[in-house]
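For reference, the structure discussed in these notes is given below.
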Amino acid sequence: MGRLGDWFDQRTGHRALARHALEEPVRGGARWAYVFGSALVVLFGLQVLTGAAMALYYSPSATDAWASVNFIQNHVWLGWLTRGLHHYGASAMVVVAGLHLLQTLWFGAYRSPRELNWLTGLALLILVLTFALTGYLLPWDQKGYWATQVATSLIGLAPGVGDSAQRIAQGGASYGNLTLTRFYAAHVVLLPAFTSALIAAHLWLFRRHGVTTPPWMSEAEGEAKKETFFPKQVALDAAFAVLLVAALAGLAARSHGGELEAPADPSSQYLARPEWYFLPLFQLLKYFHGSWELVGALLPGLALLFVAALPFLHRYWSARKPAMARSLAWVVTLGLAGAGVLGVVADRQDAADPTVAKLREQADREAALAERLAAIGVPVTGPLDLYRNDPLVWGERVYTRKCQTCHHPCSNDPYKGDPCLEGYASREWIAKLLRQPASKYFFGNSRIDEMDPYTGEDATLRALVEFLYWQGARKDADAALAAHGRELFESEGCGACHTLDGKGGGDAPDLEGYAGESWLAAFVRGPGGPRFYGDKNKMETFDHHKLDDAEVAAVVAYLRAQAQQPVKFP
Amino acid sequence: MEGATTRRGLLATVAAGLSALLGAALSVPFLAALASPARRDRAHPAGQDASSGFIPVIQIWDLPKGQPKRVEVTADDVDAWARQERRVLGAVWLIKISREEVKAFSTTCPHLGCSINATASGYGCPCHTSAFSPDGQVVGGPSPRSMDPLEVKVEKDTVLVRYARFRQGQARREEI
């Protein structure tokens with residue numbers, strides 16, 4: 001072993017290099033305050049290793065990205081832990097970088113001749129944030145998709161070059177495959193390369209100027225209490241890093257990996273919120289409107305410029321005011337605290353907003369649903385077709401998009417839509433329709449006012465309801481009661497307007513097979529035909545350009561299932 | 001002075017131990033991700049089993065009697081996360097013996113996995129010139145075993161094949 005080491009050392013000089021690294025003098029002695037720099041190196045290593053692990057599986061395309069991340073999360077050995085560590089590791093980098101900055105600031109380690117240490121450090125901080133921004137999009141889930149849109153839209157605000165810059169950033173006029181390949185290349189090739197180079201430069205500069213003597217010690221005292229980097233500072237650094245990684249693993253275990261929301265859906269209603277470290281910027285944008293928006297976007301840039309100029313400002317002012325270092329440290333610390341307050345305000349505002357809570361709940365539901373449907377694999381056509389795995393689920397999605405624009409959710413208050421279809425064609429729904437067709441939940445908001453409310457006894461109403469319910473080929477329909485209802489159909493006056501021959505031509509829709517599969521499909525395709533409303537029709541016609549046959553079948557399945565749901569209006 | 005040396009030695013041990021622990025901990029996610037495919041039980045989502053059952057490939061009357069015909073095998077399949085209907089899994093050589101009986105061979109050469117062609121005297125692999133007789137026996141070249149037969153049956157005039165893959169480069173036939 002020793003001889004092999006000698007052979008190697010003669011050729012590489014690795015022992016001298018190791019000595020040089022480990023025997024670095026730490027003026028004033030080893031201390032916990034110095035652990036953050038090496039913790040950042042460890043965190044970067046963690047991100048590289050967990051990132052490489054995920055790169056074995058991740059596929060940067062709009063059809064595959066979500067599915068491959070879901071695969072990592074649920075099918076790769078310890079994949080959930082890997083994703084969780086990478087996710088929380090990113091947050092930890094921001095936190096530890098902040099602490100490293102504050103330590104440097106209060107120890108005065110940014111002052112001349114360490115200007116370039118400070119500037120390379122700030123550049124690294126910006127790289128960390130860029131990593132976060134580009135990584136956020138890669139799962140192609142709702143959260144990443146919508147939150148990143150805000151960032152690229154901000155780029156588009158830049159005067160003159162905005163449009164071109166935005167196209168370059170997102171690989172085209174809108175989000176798609178090219179956005180993902182671009183962000184992926186940046187995240188796993190370009191940014192790691194820049195970061196590695198800058199870390200090397202940062203460390204080189206650090207070694208060149210050495211550890212700054214703590215501000216409460218004289219130079220002589222610092223020199224007297226000097227220790228080498230190894231072993232004490234290494235032990236402290238390693239201990240902190242071990243605790244940090246253990247804490248990240250704990251966080252990952254608690255949430256069973258990183259969050260993965262439902263697949264990105266450009267047509268959906270989603271509340272975009274950035275990761276916590278961007279919340280202050282997000283909150284700031286709320287205070288600026290119109291052309292001032294650009295100012296809101298530039299303000300953090302100005303703050304950053306001030307921080308970058310710190311070593312130079314200090315050099316300029318300290319000649320006049322010796323206590324300047326402390327004042328500058330206070331300014332930056334308070335600035336950071338102010339950003340923290342903005343972040344908390346953003347969080348509080350969301351917490352107090354019931355709309356946010358509702359959308360949040362919906363997003364969680366959709367995420368769980370997508371994960372469940374993906375258990376049998378994601379269609380090659382992309383994760384949005386996942387919902388086709390389950391006709392009822394898909395029917396609800398098509399219904400929400402295409403039908404709910406007029407047939408509003410019954411919970412809307414005041415209700416201003418066309419007939420509300422939650423609980424549609426259940427016995428209760430039919431009974432309510434017969435008793436009060438002009439209710440705002442039925443035809444009250446439409447311009448159909450020719451149907452008279454049924455004023456007969458409850459017993460005859462029940463028979464009529466059963467007859468109509470039975471038309472829909474319901475297994476639980478009472479055939480005898482329905483037959484009685486059939487007799488009442490003419491005598492109670494329904495037949496004056498409604499036909500029962502499957503052809504129509506009366507003043508109101510034909511009711512043969514009412515709310516059955518073929519009746520509903522035909523109705524959706526042509527509500528204005530003679531079989532249904534004829535020229536009284538107000539509903540949109542859903543031809544093949546608007547809904548394909550499979551989509552109509554899904555909507556019909558959804559509406560058919562409503563008969564087993566409770567009616568949700570008075 | 002000796003106390004200081006002991007203390008330094010202890011710190012050195014702690015520093016080295018913690019650093020080693022850290023290195024090991026950081027490697028775990030990558031090593032697990034790398035080794036994950038070796039764990040067969042959880043490598044794929046449920047519903048992956050397209051290749052385990054009999055797959056209809058052709059109608060019996062579309063096969064010429066006694067002459068080998070190369071037929072594509074397509075089935076609903078999941079590749080890692082991507083589920084596809086009628087994905088091409090591979091191909092098989094089919095030889096009709098009678099209306100009720102068909103023989104099937106894998107088109108993959110048992111040597112190193114090239115695709116086997118039909119030749120004037122039977123079958124041959126163009127890559128390393130392995131040659132096989134009409135009933136699949138090795139008659140020349142480097143192939144360590146004869147062509148891999150596949151389970152096949154005829155039901156209601158439809159030919160069904162149980163598609164399988166075999167380990168290459170060894171004399172023993174072993175399904176993978």
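For the structure tokens, the naming scheme is as follows: chains receive sequential letters (A, B, ...) according to their order of presentation, residues are indexed from 1 within each chain, and ligands are indexed from 1 in presentation order.
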Just the residues within 8 Å of Leu124 (chain A), please, counting only C-alpha atoms, with nothing from its chain fewer than 4 positions along; format it as a list in words.
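Residues meeting the cut-off are Thr120, Val128, Thr195, Leu198 and Ile199 of chain A.
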Let me see the file: selected residues, N, CA and C atoms, as a PDB file, in the first residue's frame.
ATOM      1  N   THR A 120     -17.722  36.414  -6.471  1.00  0.00           N
ATOM      2  CA  THR A 120     -17.932  35.037  -6.948  1.00  0.00           C
ATOM      3  C   THR A 120     -18.973  34.341  -6.062  1.00  0.00           C
ATOM      4  N   VAL A 128     -27.392  29.220  -7.722  1.00  0.00           N
ATOM      5  CA  VAL A 128     -28.240  28.330  -6.910  1.00  0.00           C
ATOM      6  C   VAL A 128     -29.717  28.616  -7.207  1.00  0.00           C
ATOM      7  N   THR A 195     -21.097  26.326 -12.162  1.00  0.00           N
ATOM      8  CA  THR A 195     -21.008  26.286 -10.702  1.00  0.00           C
ATOM      9  C   THR A 195     -19.697  25.653 -10.259  1.00  0.00           C
ATOM     10  N   LEU A 198     -16.942  28.108 -10.803  1.00  0.00           N
ATOM     11  CA  LEU A 198     -16.989  29.231  -9.852  1.00  0.00           C
ATOM     12  C   LEU A 198     -16.624  28.791  -8.435  1.00  0.00           C
ATOM     13  N   ILE A 199     -17.018  27.559  -8.067  1.00  0.00           N
ATOM     14  CA  ILE A 199     -16.632  27.060  -6.741  1.00  0.00           C
ATOM     15  C   ILE A 199     -15.106  26.971  -6.668  1.00  0.00           C
TER      16      ILE A 199
END
Rows by chain and residue number, chain B within 12 Å of chain A, shortest pair, only C-alpha atoms, as a tab-separated table:
residue	atom	partner	partner_atom	distance
B:Thr5	CA	A:Pro231	CA	11.6
B:Arg7	CA	A:Lys232	CA	9.8
B:Arg8	CA	A:Pro231	CA	6.9
B:Gly9	CA	A:Pro231	CA	8.3
B:Leu10	CA	A:Pro231	CA	8.9
B:Leu11	CA	A:Pro231	CA	5.7
B:Ala12	CA	A:Pro231	CA	4.8
B:Thr13	CA	A:Pro231	CA	8.4
B:Val14	CA	A:Ala235	CA	6.1
B:Ala15	CA	A:Ala235	CA	4.0
B:Ala16	CA	A:Ala235	CA	7.6
B:Gly17	CA	A:Ala235	CA	8.9
B:Leu18	CA	A:Ala238	CA	5.7
B:Ser19	CA	A:Ala238	CA	5.7
B:Ala20	CA	A:Ala238	CA	9.2
B:Leu21	CA	A:Val242	CA	7.8
B:Leu22	CA	A:Val242	CA	5.9
B:Gly23	CA	A:Val42	CA	9.2
B:Ala24	CA	A:Val242	CA	10.8
B:Ala25	CA	A:Val245	CA	8.3
B:Leu26	CA	A:Leu46	CA	5.9
B:Ser27	CA	A:Leu49	CA	6.9
B:Val28	CA	A:Thr82	CA	8.8
B:Pro29	CA	A:Thr82	CA	5.3
B:Phe30	CA	A:Ala53	CA	4.5
B:Leu31	CA	A:Ala53	CA	7.7
B:Ala32	CA	A:Trp77	CA	5.7
B:Ala33	CA	A:Ala53	CA	5.5
B:Leu34	CA	A:Ala53	CA	6.9
B:Ala35	CA	A:Trp77	CA	7.8
B:Ser36	CA	A:Trp77	CA	5.1
B:Pro37	CA	A:Val76	CA	8.0
B:Ala38	CA	A:Trp77	CA	9.8
B:Arg39	CA	A:Trp77	CA	8.1
B:Arg40	CA	A:Trp77	CA	10.7
B:Asp41	CA	A:His75	CA	9.8
B:Arg42	CA	A:His75	CA	6.0
B:Ala43	CA	A:His75	CA	6.1
B:His44	CA	A:His75	CA	6.5
B:Pro45	CA	A:Ile376	CA	5.8
B:Ala46	CA	A:Ile376	CA	5.3
B:Gly47	CA	A:Ile376	CA	5.5
B:Gln48	CA	A:Ile376	CA	7.8
B:Asp49	CA	A:Ile376	CA	10.8
B:Ala50	CA	A:Ile376	CA	12.0
B:Asp76	CA	A:Pro379	CA	10.8
B:Asp77	CA	A:Gly377	CA	9.0
B:Val78	CA	A:Gly377	CA	6.2
B:Asp79	CA	A:Gly377	CA	8.4
B:Ala80	CA	A:Phe71	CA	7.7
B:Trp81	CA	A:Gly377	CA	5.1
B:Ala82	CA	A:Val378	CA	5.0
B:Arg83	CA	A:Pro379	CA	4.7
B:Gln84	CA	A:Val380	CA	5.7
B:Glu85	CA	A:Pro379	CA	8.6
B:Arg86	CA	A:Val380	CA	11.4
B:Arg87	CA	A:Val380	CA	10.3
If DSSP is run on the backbone, what residues of region 130-251 of chain A are alpha helix (DSSP H)? A reply as a PyMOL selection string would be ideal.
chain A and resi 130-137+142-156+162-170+177-185+191-209+219-224+234-251
Skipping near chain neighbours, those fewer than 2 positions away, what residues fall within 12 Å of Pro126 (chain B) using only C-alpha atoms, listed as a list in words?
Thr108, Cys109, His111, Leu112, Gly113, Cys114, Ser115, Ile116, Asn117, Ala118, Thr119, Tyr123, Gly124, His128, Thr129, Ser130, Ala131, Phe132, Gly141, Pro142 and Ser143 of chain B
Quick one: distance from CA of Pro419 (chain A) to CA of Gly528 (chain A) in Å, one decimal?
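Between these atoms lies a distance of 16.3 Å.
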Need to verify the contact set: Leu251 (chain A), 9 Å, only C-alpha atoms, exclusion of same-chain residues closer than 6 positions in sequence. Can you return it as a ChimeraX atom specification?
/A:84-85,88,257
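Excluding Arg165 (chain B) itself and any same-chain residue fewer than 6 positions from it, the protein and nucleic acid residues within 9 Å of it, counting only C-alpha atoms, are Ser106, Thr108, Asp148, Glu174, Glu175 and Ile176 of chain B.
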I'd like the contact shell of Val73 (chain B) - 6 Å cut-off, only C-alpha atoms, skipping same-chain residues fewer than 4 positions apart - returned as a ChimeraX atom specification.
/B:57,88-91
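If you look at CA of Arg360 (chain A) and CA of Thr179 (chain A), they are 25.8 Å away from each other.
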Close residues, Trp519 (chain A) itself excluded, 12 Å, only C-alpha atoms, min 5 positions apart in chain, as a PDB file with N, CA and C atoms, in the first residue's frame:
ATOM      1  N   GLN A 471     -87.101   5.245 -17.911  1.00  0.00           N
ATOM      2  CA  GLN A 471     -86.711   5.468 -19.304  1.00  0.00           C
ATOM      3  C   GLN A 471     -85.198   5.362 -19.493  1.00  0.00           C
ATOM      4  N   GLY A 472     -84.454   5.703 -18.440  1.00  0.00           N
ATOM      5  CA  GLY A 472     -82.999   5.700 -18.547  1.00  0.00           C
ATOM      6  C   GLY A 472     -82.383   4.327 -18.348  1.00  0.00           C
ATOM      7  N   ALA A 473     -83.167   3.247 -18.466  1.00  0.00           N
ATOM      8  CA  ALA A 473     -82.673   1.872 -18.306  1.00  0.00           C
ATOM      9  C   ALA A 473     -81.935   1.700 -16.981  1.00  0.00           C
ATOM     10  N   LEU A 500     -93.373  10.499 -27.109  1.00  0.00           N
ATOM     11  CA  LEU A 500     -92.706   9.318 -26.551  1.00  0.00           C
ATOM     12  C   LEU A 500     -92.401   8.328 -27.669  1.00  0.00           C
ATOM     13  N   ASP A 501     -92.004   8.831 -28.828  1.00  0.00           N
ATOM     14  CA  ASP A 501     -91.832   7.934 -29.964  1.00  0.00           C
ATOM     15  C   ASP A 501     -90.394   7.879 -30.484  1.00  0.00           C
ATOM     16  N   GLY A 502     -89.483   8.572 -29.812  1.00  0.00           N
ATOM     17  CA  GLY A 502     -88.098   8.567 -30.276  1.00  0.00           C
ATOM     18  C   GLY A 502     -87.880   9.444 -31.502  1.00  0.00           C
ATOM     19  N   LYS A 503     -88.924  10.136 -31.954  1.00  0.00           N
ATOM     20  CA  LYS A 503     -88.770  11.001 -33.133  1.00  0.00           C
ATOM     21  C   LYS A 503     -88.937  12.468 -32.773  1.00  0.00           C
ATOM     22  N   GLY A 504     -89.924  12.749 -31.898  1.00  0.00           N
ATOM     23  CA  GLY A 504     -90.130  14.122 -31.476  1.00  0.00           C
ATOM     24  C   GLY A 504     -91.028  14.876 -32.420  1.00  0.00           C
ATOM     25  N   PRO A 509     -88.945  18.312 -25.750  1.00  0.00           N
ATOM     26  CA  PRO A 509     -88.155  17.130 -26.099  1.00  0.00           C
ATOM     27  C   PRO A 509     -88.927  15.812 -25.998  1.00  0.00           C
ATOM     28  N   ASP A 510     -88.619  14.918 -26.912  1.00  0.00           N
ATOM     29  CA  ASP A 510     -89.149  13.564 -26.860  1.00  0.00           C
ATOM     30  C   ASP A 510     -88.516  12.848 -25.673  1.00  0.00           C
ATOM     31  N   LEU A 511     -89.323  12.054 -24.973  1.00  0.00           N
ATOM     32  CA  LEU A 511     -88.816  11.481 -23.723  1.00  0.00           C
ATOM     33  C   LEU A 511     -88.635   9.967 -23.764  1.00  0.00           C
ATOM     34  N   GLU A 512     -88.698   9.373 -24.957  1.00  0.00           N
ATOM     35  CA  GLU A 512     -88.459   7.932 -25.004  1.00  0.00           C
ATOM     36  C   GLU A 512     -86.968   7.663 -24.770  1.00  0.00           C
ATOM     37  N   GLY A 513     -86.682   6.867 -23.735  1.00  0.00           N
ATOM     38  CA  GLY A 513     -85.282   6.594 -23.396  1.00  0.00           C
ATOM     39  C   GLY A 513     -84.616   7.781 -22.724  1.00  0.00           C
ATOM     40  N   TYR A 514     -85.440   8.646 -22.088  1.00  0.00           N
ATOM     41  CA  TYR A 514     -84.926   9.867 -21.448  1.00  0.00           C
ATOM     42  C   TYR A 514     -83.741   9.582 -20.517  1.00  0.00           C
ATOM     43  N   VAL A 524     -76.644  15.681 -26.795  1.00  0.00           N
ATOM     44  CA  VAL A 524     -75.410  16.475 -26.797  1.00  0.00           C
ATOM     45  C   VAL A 524     -75.014  16.838 -28.227  1.00  0.00           C
ATOM     46  N   ARG A 525     -75.194  15.872 -29.138  1.00  0.00           N
ATOM     47  CA  ARG A 525     -74.815  16.100 -30.531  1.00  0.00           C
ATOM     48  C   ARG A 525     -75.739  17.100 -31.244  1.00  0.00           C
ATOM     49  N   GLY A 526     -77.040  17.081 -30.851  1.00  0.00           N
ATOM     50  CA  GLY A 526     -77.951  17.974 -31.566  1.00  0.00           C
ATOM     51  C   GLY A 526     -79.170  18.369 -30.755  1.00  0.00           C
ATOM     52  N   PRO A 527     -78.977  19.220 -29.751  1.00  0.00           N
ATOM     53  CA  PRO A 527     -80.116  19.611 -28.903  1.00  0.00           C
ATOM     54  C   PRO A 527     -81.178  20.379 -29.690  1.00  0.00           C
ATOM     55  N   ARG A 531     -86.161  16.125 -32.426  1.00  0.00           N
ATOM     56  CA  ARG A 531     -86.390  15.187 -31.323  1.00  0.00           C
ATOM     57  C   ARG A 531     -86.289  15.897 -29.971  1.00  0.00           C
ATOM     58  N   PHE A 532     -85.565  17.033 -29.943  1.00  0.00           N
ATOM     59  CA  PHE A 532     -85.357  17.691 -28.658  1.00  0.00           C
ATOM     60  C   PHE A 532     -86.003  19.079 -28.646  1.00  0.00           C
ATOM     61  N   VAL A 552     -67.858  12.233 -26.080  1.00  0.00           N
ATOM     62  CA  VAL A 552     -69.304  12.232 -25.829  1.00  0.00           C
ATOM     63  C   VAL A 552     -69.656  11.045 -24.941  1.00  0.00           C
ATOM     64  N   ALA A 553     -69.077   9.880 -25.243  1.00  0.00           N
ATOM     65  CA  ALA A 553     -69.359   8.690 -24.436  1.00  0.00           C
ATOM     66  C   ALA A 553     -68.948   8.912 -22.982  1.00  0.00           C
ATOM     67  N   VAL A 556     -71.413  11.257 -21.336  1.00  0.00           N
ATOM     68  CA  VAL A 556     -72.658  10.526 -21.099  1.00  0.00           C
ATOM     69  C   VAL A 556     -72.502   9.628 -19.870  1.00  0.00           C
ATOM     70  N   LEU A 559     -72.731  11.824 -16.856  1.00  0.00           N
ATOM     71  CA  LEU A 559     -74.097  12.279 -16.585  1.00  0.00           C
ATOM     72  C   LEU A 559     -74.966  11.123 -16.088  1.00  0.00           C
ATOM     73  N   ARG A 560     -74.750   9.935 -16.646  1.00  0.00           N
ATOM     74  CA  ARG A 560     -75.510   8.769 -16.205  1.00  0.00           C
ATOM     75  C   ARG A 560     -75.230   8.478 -14.736  1.00  0.00           C
TER      76      ARG A 560
END
Between CA of Thr74 (chain B) and CA of Ile55 (chain B), measure the distance and give it in Å to one decimal.
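We find that CA of Thr74 (chain B) and CA of Ile55 (chain B) lie 7.8 Å from each other.
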Secondary structure check, strand (DSSP E or B) residues of chain B, as a PyMOL selection string:
chain B and resi 54-59+65+69-79+82-96+102-106+108+115+117-119+122-124+131-132+138-140+149+151-155+158-162+166+175
Closest to Pro144 (chain B) among B:Arg167, B:Leu63, B:Ile58, B:Val102, using only C-alpha atoms?
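Of B:Arg167, B:Leu63, B:Ile58, B:Val102, the one nearest Pro144 (chain B), counting only C-alpha atoms, is B:Arg167.
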